[in-house]
Amino acid sequence: MSHPDLPQRVPADGLPSRVRVHEVGPRDGLQNEAGTVPTAVKAEFVQRLAAAGLGTVEATSFVRPEWVPQLADAEDLFPLLGDLAASGVRLPVLVPNARGLERALALGAREIAVFGSATETFARRNLNRTVDESLAMFAPVVERARNSGAGVRGYLSMCFGDPWEGAVPVERVVDVARRLYALGCDELSLGDTIGTATPGHVRALLTALNEAGVPTGALAVHFHDTYGQALSNTLAALQHGVTTVDASAGGLGGCPYAKSATGNLATEDLVWMLHGLGVETGVDLGELTATSVWLAGHLGRPSPSRTVRALSHQE
Ligand code: MG
């Protein structure tokens, strides 16, 4: 007996033919791991992810090093990825503010992301600002990035629930999302930061965003698997027409708000479902899994991804 290495391909109606996986492991994943990985290992990680067919790899974050020690080496790491960028791999980087943007642009970043919150409590805790103040801070960052020819992604966290506020009304999310999009973002990534969303909720938010003037083509989804809902929610988003899905190789990055819970949707779990559905990703699942197993060795703990465990015969 052995585990199959690929899913049986049985297409379903009403789905996109291709999905762009926005790989967040090197940034969102490593940022939330307890251990810190050497810069050379991070560079090899990004290179291996790209070699496995991931065309977008969020590489790092230009935050103040003391805020996120795991990513304090952004200045050293990013230049090591120049060959990848030259070969057409998209390497967005997170920038928290104008200072971070200048650091990123100086190193040649062509895509940046800002990180907003749909709720006041998380905006205050994460950004030390109200939602209004954070949007005011992002406005010149987005404008400057666009004037420099850089693409801009706007993350919106706490779209489906907040650990301090509880339920987050859809109208509340739409209001902040609409304003973040209007700053000039090319794409919004809707974050289920605590993993509580369910598929009807996903559908309701996407529909409400469309009605508020944010087109589906500008929307990405960022699900966490804390409550085991990430793939169900992803399928609901695909059925709505979303074609950009965030995921983290090997499921890197725990859930910062629920100790020992699963956080980011694992890229391998996502790719298994997509390939089973006949949706193209360009990803080689075997190479990707080998990469996650290799990185897990550096982190000293097994990957939480069920697909990685099945394919690598980890128990
Ligand atoms: Mg995440």
# chains A, B, ... in the order shown; residues from 1 in each chain; ligands from 1
>>> residues_near_ligand(ligand="ligand 1", cutoff="12 Å", atoms="only C-alpha atoms and all ligand atoms", output="short mmCIF file (atom, residue, chain, number, x, y, z; two decimals) with N, CA, C and O atoms, in the first residue's frame")
data_model
loop_
_atom_site.label_atom_id
_atom_site.label_comp_id
_atom_site.auth_asym_id
_atom_site.auth_seq_id
_atom_site.Cartn_x
_atom_site.Cartn_y
_atom_site.Cartn_z
N HIS A 22 -0.70 32.71 -4.86
CA HIS A 22 0.17 33.75 -4.30
C HIS A 22 0.83 33.15 -3.07
O HIS A 22 0.22 33.05 -2.01
N GLU A 23 2.07 32.72 -3.25
CA GLU A 23 2.79 32.00 -2.19
C GLU A 23 3.27 33.00 -1.12
O GLU A 23 4.01 33.93 -1.44
N VAL A 24 2.86 32.76 0.13
CA VAL A 24 3.23 33.69 1.21
C VAL A 24 4.16 33.07 2.25
O VAL A 24 4.47 33.70 3.26
N GLY A 25 4.62 31.83 2.01
CA GLY A 25 5.43 31.15 3.02
C GLY A 25 6.65 31.94 3.51
O GLY A 25 6.84 32.09 4.72
N PRO A 26 7.48 32.45 2.60
CA PRO A 26 8.69 33.15 3.07
C PRO A 26 8.39 34.41 3.89
O PRO A 26 9.22 34.83 4.69
N ARG A 27 7.23 35.01 3.70
CA ARG A 27 6.90 36.21 4.47
C ARG A 27 5.91 35.88 5.60
O ARG A 27 6.26 35.82 6.76
N ASP A 28 4.66 35.61 5.25
CA ASP A 28 3.63 35.37 6.26
C ASP A 28 3.93 34.10 7.07
O ASP A 28 3.66 34.03 8.26
N GLY A 29 4.50 33.10 6.40
CA GLY A 29 4.81 31.86 7.10
C GLY A 29 5.95 32.04 8.08
O GLY A 29 5.79 31.85 9.28
N LEU A 30 7.12 32.43 7.57
CA LEU A 30 8.30 32.53 8.44
C LEU A 30 8.14 33.60 9.51
O LEU A 30 8.66 33.47 10.62
N GLN A 31 7.38 34.65 9.20
CA GLN A 31 7.14 35.71 10.18
C GLN A 31 6.46 35.16 11.44
O GLN A 31 6.67 35.68 12.53
N ASN A 32 5.66 34.13 11.27
CA ASN A 32 4.89 33.59 12.39
C ASN A 32 5.44 32.27 12.95
O ASN A 32 4.78 31.63 13.76
N GLU A 33 6.65 31.91 12.50
CA GLU A 33 7.30 30.74 13.08
C GLU A 33 8.16 31.19 14.27
O GLU A 33 8.69 32.30 14.27
N GLU A 58 5.82 35.86 -2.21
CA GLU A 58 6.00 37.04 -1.35
C GLU A 58 7.25 36.80 -0.51
O GLU A 58 7.31 35.88 0.29
N PHE A 115 -0.64 46.43 4.65
CA PHE A 115 -1.37 45.48 5.50
C PHE A 115 -2.37 46.23 6.38
O PHE A 115 -2.00 46.80 7.40
N TYR A 155 -3.57 44.14 1.69
CA TYR A 155 -4.11 43.10 2.56
C TYR A 155 -5.16 43.71 3.47
O TYR A 155 -4.97 44.83 3.98
N LEU A 156 -6.23 42.98 3.67
CA LEU A 156 -7.23 43.41 4.65
C LEU A 156 -7.44 42.24 5.61
O LEU A 156 -7.93 41.18 5.21
N SER A 157 -7.04 42.43 6.85
CA SER A 157 -7.16 41.35 7.83
C SER A 157 -8.46 41.46 8.61
O SER A 157 -9.15 42.48 8.57
N MET A 158 -8.80 40.39 9.30
CA MET A 158 -10.01 40.31 10.15
C MET A 158 -11.31 40.50 9.35
O MET A 158 -12.26 41.09 9.81
N SER A 189 -6.38 41.51 -0.91
CA SER A 189 -6.37 40.15 -0.40
C SER A 189 -7.19 40.13 0.88
O SER A 189 -6.85 40.80 1.87
N LEU A 190 -8.28 39.36 0.85
CA LEU A 190 -9.22 39.33 1.97
C LEU A 190 -8.79 38.27 2.96
O LEU A 190 -8.80 37.07 2.65
N GLY A 191 -8.39 38.69 4.15
CA GLY A 191 -7.82 37.77 5.11
C GLY A 191 -8.82 37.26 6.14
O GLY A 191 -9.51 38.04 6.79
N ASP A 192 -8.88 35.93 6.26
CA ASP A 192 -9.62 35.32 7.37
C ASP A 192 -8.59 35.00 8.46
O ASP A 192 -8.16 33.87 8.63
N THR A 193 -8.22 36.02 9.18
CA THR A 193 -7.05 35.97 10.05
C THR A 193 -7.16 34.92 11.16
O THR A 193 -6.16 34.34 11.57
N ILE A 194 -8.38 34.68 11.65
CA ILE A 194 -8.54 33.69 12.71
C ILE A 194 -9.20 32.40 12.21
O ILE A 194 -9.45 31.49 12.99
N GLY A 195 -9.46 32.35 10.91
CA GLY A 195 -9.88 31.08 10.31
C GLY A 195 -11.31 30.66 10.60
O GLY A 195 -11.64 29.47 10.48
N VAL A 221 -8.07 35.78 -2.10
CA VAL A 221 -8.53 35.30 -0.79
C VAL A 221 -7.35 34.71 -0.02
O VAL A 221 -6.45 34.08 -0.59
N HIS A 222 -7.39 34.92 1.30
CA HIS A 222 -6.30 34.49 2.18
C HIS A 222 -6.94 33.79 3.37
O HIS A 222 -7.34 34.43 4.35
N PHE A 223 -7.06 32.49 3.25
CA PHE A 223 -7.76 31.74 4.29
C PHE A 223 -6.79 31.05 5.23
O PHE A 223 -5.71 30.59 4.83
N HIS A 224 -7.22 30.95 6.47
CA HIS A 224 -6.49 30.19 7.48
C HIS A 224 -7.30 28.96 7.84
O HIS A 224 -8.54 29.00 7.83
N ASP A 225 -6.59 27.89 8.16
CA ASP A 225 -7.25 26.60 8.34
C ASP A 225 -7.51 26.25 9.82
O ASP A 225 -7.72 25.10 10.15
N THR A 226 -7.51 27.27 10.65
CA THR A 226 -7.61 27.07 12.10
C THR A 226 -8.81 26.20 12.48
O THR A 226 -8.72 25.36 13.38
N ALA A 230 -10.52 26.15 5.43
CA ALA A 230 -9.83 26.91 4.38
C ALA A 230 -10.15 26.41 2.97
O ALA A 230 -10.38 27.22 2.06
N VAL A 245 -5.35 32.93 -5.14
CA VAL A 245 -5.51 32.33 -3.82
C VAL A 245 -4.17 32.36 -3.11
O VAL A 245 -3.15 31.90 -3.65
N ASP A 246 -4.16 32.88 -1.88
CA ASP A 246 -2.94 32.91 -1.07
C ASP A 246 -2.78 31.58 -0.35
O ASP A 246 -3.76 30.99 0.12
N ALA A 247 -1.55 31.13 -0.24
CA ALA A 247 -1.27 29.91 0.52
C ALA A 247 0.20 29.92 0.92
O ALA A 247 1.01 30.64 0.35
N SER A 248 0.51 29.09 1.92
CA SER A 248 1.85 29.07 2.49
C SER A 248 2.42 27.65 2.38
O SER A 248 1.80 26.69 2.86
N ALA A 249 3.56 27.53 1.74
CA ALA A 249 4.16 26.21 1.54
C ALA A 249 4.27 25.44 2.85
O ALA A 249 4.77 25.97 3.85
N GLY A 251 2.14 24.86 4.93
CA GLY A 251 1.32 25.39 6.02
C GLY A 251 2.13 26.19 7.03
O GLY A 251 1.73 26.35 8.18
N LEU A 252 3.27 26.72 6.58
CA LEU A 252 4.14 27.50 7.47
C LEU A 252 3.39 28.64 8.13
O LEU A 252 2.56 29.29 7.50
N GLY A 253 3.76 28.90 9.37
CA GLY A 253 3.15 30.02 10.09
C GLY A 253 1.99 29.53 10.91
O GLY A 253 0.95 29.16 10.36
N GLY A 254 2.14 29.47 12.18
CA GLY A 254 1.02 29.05 13.03
C GLY A 254 -0.01 30.16 13.07
O GLY A 254 0.08 31.14 12.36
N CYS A 255 -1.01 29.98 13.87
CA CYS A 255 -2.00 31.03 14.06
C CYS A 255 -1.58 31.83 15.28
O CYS A 255 -1.56 31.30 16.39
N PRO A 256 -1.24 33.11 15.10
CA PRO A 256 -0.73 33.88 16.24
C PRO A 256 -1.77 34.10 17.33
O PRO A 256 -1.42 34.50 18.42
N TYR A 257 -3.03 33.84 17.05
CA TYR A 257 -4.08 34.10 18.04
C TYR A 257 -4.64 32.84 18.66
O TYR A 257 -5.57 32.87 19.43
N THR A 262 -3.55 25.45 13.61
CA THR A 262 -3.08 25.60 12.24
C THR A 262 -3.43 27.00 11.75
O THR A 262 -4.50 27.52 12.03
N GLY A 263 -2.53 27.60 11.01
CA GLY A 263 -2.77 28.94 10.48
C GLY A 263 -3.01 28.91 9.00
O GLY A 263 -4.03 28.44 8.52
N ASN A 264 -2.02 29.40 8.25
CA ASN A 264 -2.16 29.53 6.80
C ASN A 264 -2.57 28.22 6.11
O ASN A 264 -2.05 27.15 6.43
N LEU A 265 -3.43 28.36 5.14
CA LEU A 265 -3.73 27.25 4.24
C LEU A 265 -2.42 26.78 3.60
O LEU A 265 -1.64 27.59 3.09
N ALA A 266 -2.17 25.48 3.65
CA ALA A 266 -0.94 24.94 3.05
C ALA A 266 -1.06 24.92 1.53
O ALA A 266 -2.07 24.47 0.98
N THR A 267 0.00 25.37 0.86
CA THR A 267 -0.02 25.40 -0.61
C THR A 267 -0.23 24.00 -1.18
O THR A 267 -0.94 23.83 -2.18
#
>>> residues_around(residues="Glu171 (chain A)", least_positions_apart="2", cutoff="12 Å", atoms="only C-alpha atoms", output="ChimeraX atom specification")
/A:118-119,159-160,167-169,173-178,204-209,211-212
>>> residues_around(residues="Gly276 (chain A)", least_positions_apart="2", cutoff="12 Å", atoms="only C-alpha atoms", output="ChimeraX atom specification")
/A:5-12,269-274,278-281,285
>>> select_by_dssp(residues="region 42-195 of chain A", states="strand (DSSP E)", output="PyMOL selection string")
chain A and resi 56-57+60-61+93-94+111-117+151-157+187-191
>>> select_by_dssp(residues="region 91-180 of chain A", states="alpha helix (DSSP H)", output="PyMOL selection string")
chain A and resi 98-106+120-122+131-147+170-180
>>> residues_around(residues="Trp294 (chain A)", least_positions_apart="3", cutoff="12 Å", atoms="only C-alpha atoms", output="list of chain:residue names")
A:Val41, A:Lys42, A:Glu44, A:Phe45, A:Arg48, A:Leu49, A:Ala249, A:Gly250, A:Glu287, A:Leu288, A:Thr289, A:Ala290, A:Thr291, A:Gly297, A:His298, A:Leu299, A:Gly300, A:Arg301, A:Pro302, A:Ser303, A:Val308, A:Ser312
>>> closest_residue(among="A:Leu105, A:Leu311, A:Ala237, A:Val93", to="Val19 (chain A)", atoms="only C-alpha atoms")
A:Ala237
>>> residues_around(residues="Asp76 (chain A)", least_positions_apart="3", cutoff="10 Å", atoms="only C-alpha atoms", output="number ranges by chain")
A: 39-40, 43, 72-73, 79-81, 107
>>> write_last_selection(atoms="N, CA, C and O atoms", output="PDB file, in the first residue's frame")
ATOM      1  N   THR A  39      19.592  33.603   6.401  1.00  0.00           N
ATOM      2  CA  THR A  39      19.269  34.298   5.156  1.00  0.00           C
ATOM      3  C   THR A  39      19.500  33.401   3.934  1.00  0.00           C
ATOM      4  O   THR A  39      18.685  33.387   3.006  1.00  0.00           O
ATOM      5  N   ALA A  40      20.594  32.656   3.943  1.00  0.00           N
ATOM      6  CA  ALA A  40      20.892  31.809   2.778  1.00  0.00           C
ATOM      7  C   ALA A  40      19.832  30.724   2.596  1.00  0.00           C
ATOM      8  O   ALA A  40      19.495  30.349   1.468  1.00  0.00           O
ATOM      9  N   ALA A  43      16.800  32.377   1.022  1.00  0.00           N
ATOM     10  CA  ALA A  43      17.004  32.602  -0.415  1.00  0.00           C
ATOM     11  C   ALA A  43      16.799  31.299  -1.181  1.00  0.00           C
ATOM     12  O   ALA A  43      16.130  31.268  -2.224  1.00  0.00           O
ATOM     13  N   ALA A  72      14.200  40.267   9.827  1.00  0.00           N
ATOM     14  CA  ALA A  72      15.071  41.432   9.995  1.00  0.00           C
ATOM     15  C   ALA A  72      16.136  41.529   8.903  1.00  0.00           C
ATOM     16  O   ALA A  72      16.786  42.557   8.762  1.00  0.00           O
ATOM     17  N   ASP A  73      16.285  40.471   8.104  1.00  0.00           N
ATOM     18  CA  ASP A  73      17.351  40.439   7.091  1.00  0.00           C
ATOM     19  C   ASP A  73      16.861  40.800   5.692  1.00  0.00           C
ATOM     20  O   ASP A  73      17.501  40.455   4.695  1.00  0.00           O
ATOM     21  N   PRO A  79      18.361  41.278  -2.311  1.00  0.00           N
ATOM     22  CA  PRO A  79      19.331  41.298  -3.431  1.00  0.00           C
ATOM     23  C   PRO A  79      19.759  39.899  -3.895  1.00  0.00           C
ATOM     24  O   PRO A  79      20.182  39.742  -5.040  1.00  0.00           O
ATOM     25  N   LEU A  80      19.623  38.896  -3.022  1.00  0.00           N
ATOM     26  CA  LEU A  80      19.998  37.533  -3.424  1.00  0.00           C
ATOM     27  C   LEU A  80      19.000  36.945  -4.427  1.00  0.00           C
ATOM     28  O   LEU A  80      19.254  35.887  -5.001  1.00  0.00           O
ATOM     29  N   LEU A  81      17.858  37.629  -4.597  1.00  0.00           N
ATOM     30  CA  LEU A  81      16.791  37.095  -5.443  1.00  0.00           C
ATOM     31  C   LEU A  81      16.732  37.790  -6.797  1.00  0.00           C
ATOM     32  O   LEU A  81      15.764  37.637  -7.543  1.00  0.00           O
ATOM     33  N   LEU A 107      15.948  48.816  -3.301  1.00  0.00           N
ATOM     34  CA  LEU A 107      16.528  47.516  -3.658  1.00  0.00           C
ATOM     35  C   LEU A 107      15.902  46.938  -4.925  1.00  0.00           C
ATOM     36  O   LEU A 107      16.182  45.802  -5.304  1.00  0.00           O
TER      37      LEU A 107
END
